[in-house]
Every structure is written in structure tokens, then in C-alpha cells.
>>> print(open('coords-v9.cif').read())   # mmCIF, C-alpha atoms
data_coords
#
loop_
_atom_site.group_PDB
_atom_site.id
_atom_site.type_symbol
_atom_site.label_atom_id
_atom_site.label_comp_id
_atom_site.auth_asym_id
_atom_site.auth_seq_id
_atom_site.Cartn_x
_atom_site.Cartn_y
_atom_site.Cartn_z
ATOM 1 C CA MET A 30 0.000 0.000 0.000
ATOM 2 C CA VAL A 31 1.289 3.468 -0.900
ATOM 3 C CA GLN A 32 1.354 5.962 1.932
ATOM 4 C CA GLN A 33 0.399 9.619 1.583
ATOM 5 C CA GLY A 34 3.290 11.531 0.000
ATOM 6 C CA GLU A 35 5.094 8.382 -1.161
ATOM 7 C CA ALA A 36 5.995 8.380 -4.848
ATOM 8 C CA VAL A 37 4.650 5.622 -7.056
ATOM 9 C CA VAL A 38 6.779 6.514 -10.084
ATOM 10 C CA SER A 39 9.970 4.462 -10.311
ATOM 11 C CA CYS A 40 13.038 5.145 -12.434
ATOM 12 C CA GLY A 41 12.591 1.709 -13.989
ATOM 13 C CA GLN A 42 9.113 2.679 -15.209
ATOM 14 C CA GLU A 43 10.363 5.991 -16.447
ATOM 15 C CA ASP A 44 13.378 4.487 -18.194
ATOM 16 C CA SER A 45 11.253 1.930 -20.046
ATOM 17 C CA ASN A 46 8.739 4.595 -21.090
ATOM 18 C CA LEU A 47 11.470 6.977 -22.269
ATOM 19 C CA MET A 48 13.685 4.406 -24.030
ATOM 20 C CA PRO A 49 12.142 5.270 -27.438
ATOM 21 C CA CYS A 50 13.067 8.918 -26.757
ATOM 22 C CA VAL A 51 16.836 8.415 -26.550
ATOM 23 C CA SER A 52 17.427 9.366 -30.178
ATOM 24 C CA TYR A 53 15.480 12.640 -29.903
ATOM 25 C CA PRO A 54 17.786 14.701 -27.645
ATOM 26 C CA THR A 55 20.925 13.199 -29.199
ATOM 27 C CA LYS A 56 19.991 13.096 -32.889
ATOM 28 C CA GLY A 57 16.678 14.956 -33.205
ATOM 29 C CA ASN A 58 14.697 11.852 -34.278
ATOM 30 C CA LEU A 59 11.254 11.718 -32.626
ATOM 31 C CA ASP A 60 9.815 8.196 -32.486
ATOM 32 C CA PRO A 61 6.002 8.165 -32.014
ATOM 33 C CA ALA A 62 6.516 5.582 -29.238
ATOM 34 C CA CYS A 63 8.445 8.272 -27.374
ATOM 35 C CA CYS A 64 5.350 10.471 -27.152
ATOM 36 C CA THR A 65 3.358 7.510 -25.858
ATOM 37 C CA GLY A 66 5.996 7.054 -23.146
ATOM 38 C CA VAL A 67 5.920 10.741 -22.224
ATOM 39 C CA GLN A 68 2.125 10.565 -21.906
ATOM 40 C CA ASN A 69 2.432 7.439 -19.743
ATOM 41 C CA ILE A 70 4.791 9.249 -17.380
ATOM 42 C CA LYS A 71 2.466 12.238 -17.183
ATOM 43 C CA ASN A 72 -0.399 9.873 -16.332
ATOM 44 C CA LEU A 73 1.684 8.162 -13.624
ATOM 45 C CA ALA A 74 2.993 11.372 -12.050
ATOM 46 C CA GLN A 75 -0.105 12.879 -10.504
ATOM 47 C CA THR A 76 1.024 13.869 -7.010
ATOM 48 C CA THR A 77 3.818 16.250 -6.001
ATOM 49 C CA ALA A 78 5.865 13.277 -4.740
ATOM 50 C CA ASP A 79 5.358 11.487 -8.075
ATOM 51 C CA LYS A 80 6.415 14.570 -10.041
ATOM 52 C CA GLN A 81 9.508 15.021 -7.877
ATOM 53 C CA ALA A 82 10.421 11.346 -8.314
ATOM 54 C CA ALA A 83 9.882 11.570 -12.080
ATOM 55 C CA CYS A 84 12.015 14.721 -12.185
ATOM 56 C CA GLU A 85 14.859 12.976 -10.305
ATOM 57 C CA CYS A 86 14.634 10.021 -12.706
ATOM 58 C CA CYS A 87 14.759 12.354 -15.742
ATOM 59 C CA LYS A 88 17.740 14.144 -14.236
ATOM 60 C CA ALA A 89 19.578 10.849 -13.607
ATOM 61 C CA ALA A 90 18.754 9.578 -17.112
ATOM 62 C CA ALA A 91 19.970 12.797 -18.740
ATOM 63 C CA ASN A 92 23.242 12.540 -16.824
ATOM 64 C CA ARG A 93 23.807 8.983 -18.093
ATOM 65 C CA PHE A 94 23.881 10.284 -21.681
ATOM 66 C CA PRO A 95 26.605 12.944 -22.025
ATOM 67 C CA SER A 96 25.655 13.604 -25.660
ATOM 68 C CA VAL A 97 22.132 14.708 -24.694
ATOM 69 C CA GLU A 98 21.388 18.219 -25.902
ATOM 70 C CA GLU A 99 19.687 19.669 -22.837
ATOM 71 C CA VAL A 100 17.724 22.326 -24.717
ATOM 72 C CA THR A 101 16.431 19.707 -27.154
ATOM 73 C CA ALA A 102 15.534 17.316 -24.329
ATOM 74 C CA SER A 103 13.575 20.027 -22.522
ATOM 75 C CA THR A 104 11.384 20.554 -25.611
ATOM 76 C CA LEU A 105 10.403 16.883 -25.821
ATOM 77 C CA PRO A 106 6.966 17.056 -24.133
ATOM 78 C CA GLY A 107 5.979 20.059 -26.272
ATOM 79 C CA LYS A 108 7.057 18.278 -29.475
ATOM 80 C CA CYS A 109 4.661 15.516 -28.455
ATOM 81 C CA GLY A 110 1.878 18.035 -27.789
ATOM 82 C CA ILE A 111 1.943 17.217 -24.072
ATOM 83 C CA VAL A 112 1.901 19.850 -21.350
ATOM 84 C CA MET A 113 3.983 18.538 -18.501
ATOM 85 C CA ASN A 114 5.484 20.314 -15.512
ATOM 86 C CA ILE A 115 8.280 17.806 -15.009
ATOM 87 C CA PRO A 116 11.510 19.407 -16.216
ATOM 88 C CA ILE A 117 13.987 17.406 -18.262
ATOM 89 C CA SER A 118 17.365 18.757 -17.269
ATOM 90 C CA LYS A 119 20.690 17.582 -15.874
ATOM 91 C CA THR A 120 20.678 20.350 -13.265
ATOM 92 C CA THR A 121 17.060 20.873 -12.183
ATOM 93 C CA ASN A 122 16.256 21.180 -8.478
ATOM 94 C CA CYS A 123 13.442 18.633 -8.368
ATOM 95 C CA GLN A 124 12.333 19.579 -4.856
ATOM 96 C CA ARG A 125 10.788 22.870 -6.016
#
>>> encode(input="coords-v9.cif", output="C-alpha cells")
Amino acid sequence: MVQQGEAVVSCGQEDSNLMPCVSYPTKGNLDPACCTGVQNIKNLAQTTADKQAACECCKAAANRFPSVEEVTASTLPGKCGIVMNIPISKTTNCQR
């Protein structure tokens, strides 16, 4: 059972949903499956704790790929037509 304030979004879930997105911030190729993954993450991250956890996972994932263009990565949700308040950045303070 999930307690109040406990995140239900895991980095494993996020990684599997965002795997089709890897080529977008590095090469500019947007796979339609990427947008499905972004929407899945938005659907999972409903609470503040979930959004903070998703943000930390995005931050960790971005740091694993040194060739990621941060500006390009940050535009990903918008390119998919998804409004999301989870930043995709290597340096974001996810606790705000």
C-alpha cells in the first residue's frame, strides 16, 4: 500500500517509457513511441511526490547520456503536444 506523500513513479518505469526517446535529444529523431511514453509518465505522475520522483529520474537519465542536448531534451513534451510540468534537465532542483 502506498502511503500519503510516497511516490509511485519508479526510475525503472520511467526508463522503459522513455527508451524510445533516446534518439530525440541526441539526434533529433522523434519516435512516435516516445510520445506515448511521455504521456504514460504524465499519467503516472499525478502527485507532487510522483512529479519530484519523475524529475529525479529524468535528471539521472539525462546525466547517463553525455551527448544529450539539454535544450532539445527540454522541448520533448511540447514536441509531443503534451503539457507537462516535469523538467527534463541535468541540473534541475526537483524539490521545487
>>> residues_around(input="coords-v9.cif", residues="stretch 99-112 of chain A", least_positions_apart="3", cutoff="6 Å", atoms="only C-alpha atoms", output="ChimeraX atom specification")
/A:54,64,117
>>> atom_distance(input="coords-v9.cif", atom1="atom CA of A:Gly66", atom2="atom CA of A:Cys50")
8.2 Å
>>> closest_residue(input="coords-v9.cif", among="A:Asn122, A:Val51, A:Asn69, A:Met113", to="A:Lys88", atoms="all atoms listed in the file")
A:Asn122
>>> atom_distance(input="coords-v9.cif", atom1="atom CA of A:Ser45", atom2="atom CA of A:Pro116")
17.9 Å
>>> residues_around(input="coords-v9.cif", residues="A:Arg125", least_positions_apart="4", cutoff="10 Å", atoms="only C-alpha atoms", output="VMD selection string")
chain A and resid 77 81 121
>>> atom_distance(input="coords-v9.cif", atom1="atom CA of A:Lys71", atom2="atom CA of A:Ser96")
24.7 Å
>>> residues_around(input="coords-v9.cif", residues="A:Ala74", least_positions_apart="3", cutoff="7 Å", atoms="all atoms listed in the file", output="PyMOL selection string")
chain A and resi 38+70-71+79-80+83
>>> closest_residue(input="coords-v9.cif", among="A:Cys123, A:Cys86, A:Val67, A:Leu59", to="A:Ser39", atoms="only C-alpha atoms")
A:Cys86
>>> residues_around(input="coords-v9.cif", residues="A:Cys40", least_positions_apart="5", cutoff="10 Å", atoms="only C-alpha atoms", output="PyMOL selection string")
chain A and resi 45-46+82-87+89-90
>>> resolve_selection(input="coords-v9.cif", expression="the PyMOL selection byres ((chain A and resi 49) around 7)", output="tab-separated table (two decimals) with C-alpha atoms, keeping the file's coordinate frame")
chain	number	residue	atom	x	y	z
A	47	LEU	CA	11.47	6.98	-22.27
A	48	MET	CA	13.68	4.41	-24.03
A	50	CYS	CA	13.07	8.92	-26.76
A	51	VAL	CA	16.84	8.41	-26.55
A	60	ASP	CA	9.82	8.20	-32.49
A	62	ALA	CA	6.52	5.58	-29.24
A	63	CYS	CA	8.44	8.27	-27.37
>>> closest_residue(input="coords-v9.cif", among="A:Val37, A:Val97, A:Gln124, A:Asn114", to="A:Ser52", atoms="only C-alpha atoms")
A:Val97
>>> axis_aligned_box(input="coords-v9.cif", around="stretch 96-109 of chain A", padding_each_side="6 Å", output="AutoDock Vina command-line options")
--center_x 15.2 --center_y 18.0 --center_z -26.0 --size_x 33.0 --size_y 20.7 --size_z 19.0
>>> build_atoms(input="coords-v9.cif", residues="stretch 51-73 of chain A", atoms="N, CA, C and O atoms", output="mmCIF file, keeping the file's coordinate frame")
data_model
loop_
_atom_site.group_PDB
_atom_site.id
_atom_site.type_symbol
_atom_site.label_atom_id
_atom_site.label_comp_id
_atom_site.auth_asym_id
_atom_site.auth_seq_id
_atom_site.Cartn_x
_atom_site.Cartn_y
_atom_site.Cartn_z
ATOM 1 N N VAL A 51 15.389 8.197 -26.637
ATOM 2 C CA VAL A 51 16.836 8.415 -26.550
ATOM 3 C C VAL A 51 17.392 9.104 -27.795
ATOM 4 O O VAL A 51 18.250 9.968 -27.702
ATOM 5 N N SER A 52 16.879 8.772 -28.954
ATOM 6 C CA SER A 52 17.427 9.366 -30.178
ATOM 7 C C SER A 52 16.988 10.816 -30.378
ATOM 8 O O SER A 52 17.624 11.546 -31.126
ATOM 9 N N TYR A 53 15.938 11.266 -29.689
ATOM 10 C CA TYR A 53 15.480 12.640 -29.903
ATOM 11 C C TYR A 53 16.477 13.678 -29.390
ATOM 12 O O TYR A 53 16.924 14.531 -30.154
ATOM 13 N N PRO A 54 16.871 13.654 -28.109
ATOM 14 C CA PRO A 54 17.786 14.701 -27.645
ATOM 15 C C PRO A 54 19.220 14.537 -28.151
ATOM 16 O O PRO A 54 20.008 15.460 -28.052
ATOM 17 N N THR A 55 19.568 13.379 -28.695
ATOM 18 C CA THR A 55 20.925 13.199 -29.199
ATOM 19 C C THR A 55 21.015 13.401 -30.710
ATOM 20 O O THR A 55 22.017 13.890 -31.206
ATOM 21 N N LYS A 56 19.951 13.016 -31.427
ATOM 22 C CA LYS A 56 19.991 13.096 -32.889
ATOM 23 C C LYS A 56 18.819 13.866 -33.501
ATOM 24 O O LYS A 56 18.784 14.080 -34.699
ATOM 25 N N GLY A 57 17.815 14.209 -32.697
ATOM 26 C CA GLY A 57 16.678 14.956 -33.205
ATOM 27 C C GLY A 57 15.593 14.098 -33.837
ATOM 28 O O GLY A 57 14.650 14.616 -34.417
ATOM 29 N N ASN A 58 15.705 12.758 -33.710
ATOM 30 C CA ASN A 58 14.697 11.852 -34.278
ATOM 31 C C ASN A 58 13.612 11.590 -33.237
ATOM 32 O O ASN A 58 13.903 11.103 -32.151
ATOM 33 N N LEU A 59 12.361 11.911 -33.574
ATOM 34 C CA LEU A 59 11.254 11.718 -32.626
ATOM 35 C C LEU A 59 10.429 10.506 -33.045
ATOM 36 O O LEU A 59 9.699 10.543 -34.028
ATOM 37 N N ASP A 60 10.569 9.432 -32.279
ATOM 38 C CA ASP A 60 9.815 8.196 -32.486
ATOM 39 C C ASP A 60 8.425 8.387 -31.876
ATOM 40 O O ASP A 60 8.312 8.852 -30.738
ATOM 41 N N PRO A 61 7.345 8.033 -32.590
ATOM 42 C CA PRO A 61 6.002 8.165 -32.014
ATOM 43 C C PRO A 61 5.844 7.421 -30.681
ATOM 44 O O PRO A 61 5.090 7.852 -29.809
ATOM 45 N N ALA A 62 6.576 6.326 -30.501
ATOM 46 C CA ALA A 62 6.516 5.582 -29.238
ATOM 47 C C ALA A 62 7.053 6.423 -28.085
ATOM 48 O O ALA A 62 6.667 6.223 -26.932
ATOM 49 N N CYS A 63 7.920 7.368 -28.392
ATOM 50 C CA CYS A 63 8.445 8.272 -27.374
ATOM 51 C C CYS A 63 7.308 9.101 -26.782
ATOM 52 O O CYS A 63 7.208 9.238 -25.562
ATOM 53 N N CYS A 64 6.467 9.640 -27.632
ATOM 54 C CA CYS A 64 5.350 10.471 -27.152
ATOM 55 C C CYS A 64 4.380 9.651 -26.307
ATOM 56 O O CYS A 64 3.846 10.150 -25.316
ATOM 57 N N THR A 65 4.196 8.392 -26.664
ATOM 58 C CA THR A 65 3.358 7.510 -25.858
ATOM 59 C C THR A 65 3.977 7.344 -24.475
ATOM 60 O O THR A 65 3.280 7.403 -23.457
ATOM 61 N N GLY A 66 5.300 7.186 -24.425
ATOM 62 C CA GLY A 66 5.996 7.054 -23.146
ATOM 63 C C GLY A 66 5.899 8.306 -22.311
ATOM 64 O O GLY A 66 5.695 8.239 -21.095
ATOM 65 N N VAL A 67 6.039 9.469 -22.949
ATOM 66 C CA VAL A 67 5.920 10.741 -22.224
ATOM 67 C C VAL A 67 4.517 10.866 -21.637
ATOM 68 O O VAL A 67 4.347 11.264 -20.483
ATOM 69 N N GLN A 68 3.505 10.509 -22.407
ATOM 70 C CA GLN A 68 2.125 10.565 -21.906
ATOM 71 C C GLN A 68 1.929 9.594 -20.748
ATOM 72 O O GLN A 68 1.261 9.923 -19.764
ATOM 73 N N ASN A 69 2.538 8.407 -20.837
ATOM 74 C CA ASN A 69 2.432 7.439 -19.743
ATOM 75 C C ASN A 69 3.019 7.997 -18.453
ATOM 76 O O ASN A 69 2.446 7.832 -17.379
ATOM 77 N N ILE A 70 4.160 8.664 -18.568
ATOM 78 C CA ILE A 70 4.791 9.249 -17.380
ATOM 79 C C ILE A 70 3.913 10.351 -16.800
ATOM 80 O O ILE A 70 3.724 10.439 -15.590
ATOM 81 N N LYS A 71 3.363 11.182 -17.666
ATOM 82 C CA LYS A 71 2.466 12.238 -17.183
ATOM 83 C C LYS A 71 1.288 11.620 -16.433
ATOM 84 O O LYS A 71 0.892 12.111 -15.376
ATOM 85 N N ASN A 72 0.739 10.539 -16.978
ATOM 86 C CA ASN A 72 -0.399 9.873 -16.332
ATOM 87 C C ASN A 72 -0.016 9.268 -14.987
ATOM 88 O O ASN A 72 -0.820 9.244 -14.059
ATOM 89 N N LEU A 73 1.219 8.764 -14.872
ATOM 90 C CA LEU A 73 1.684 8.162 -13.624
ATOM 91 C C LEU A 73 1.987 9.215 -12.563
ATOM 92 O O LEU A 73 1.775 8.987 -11.376
#
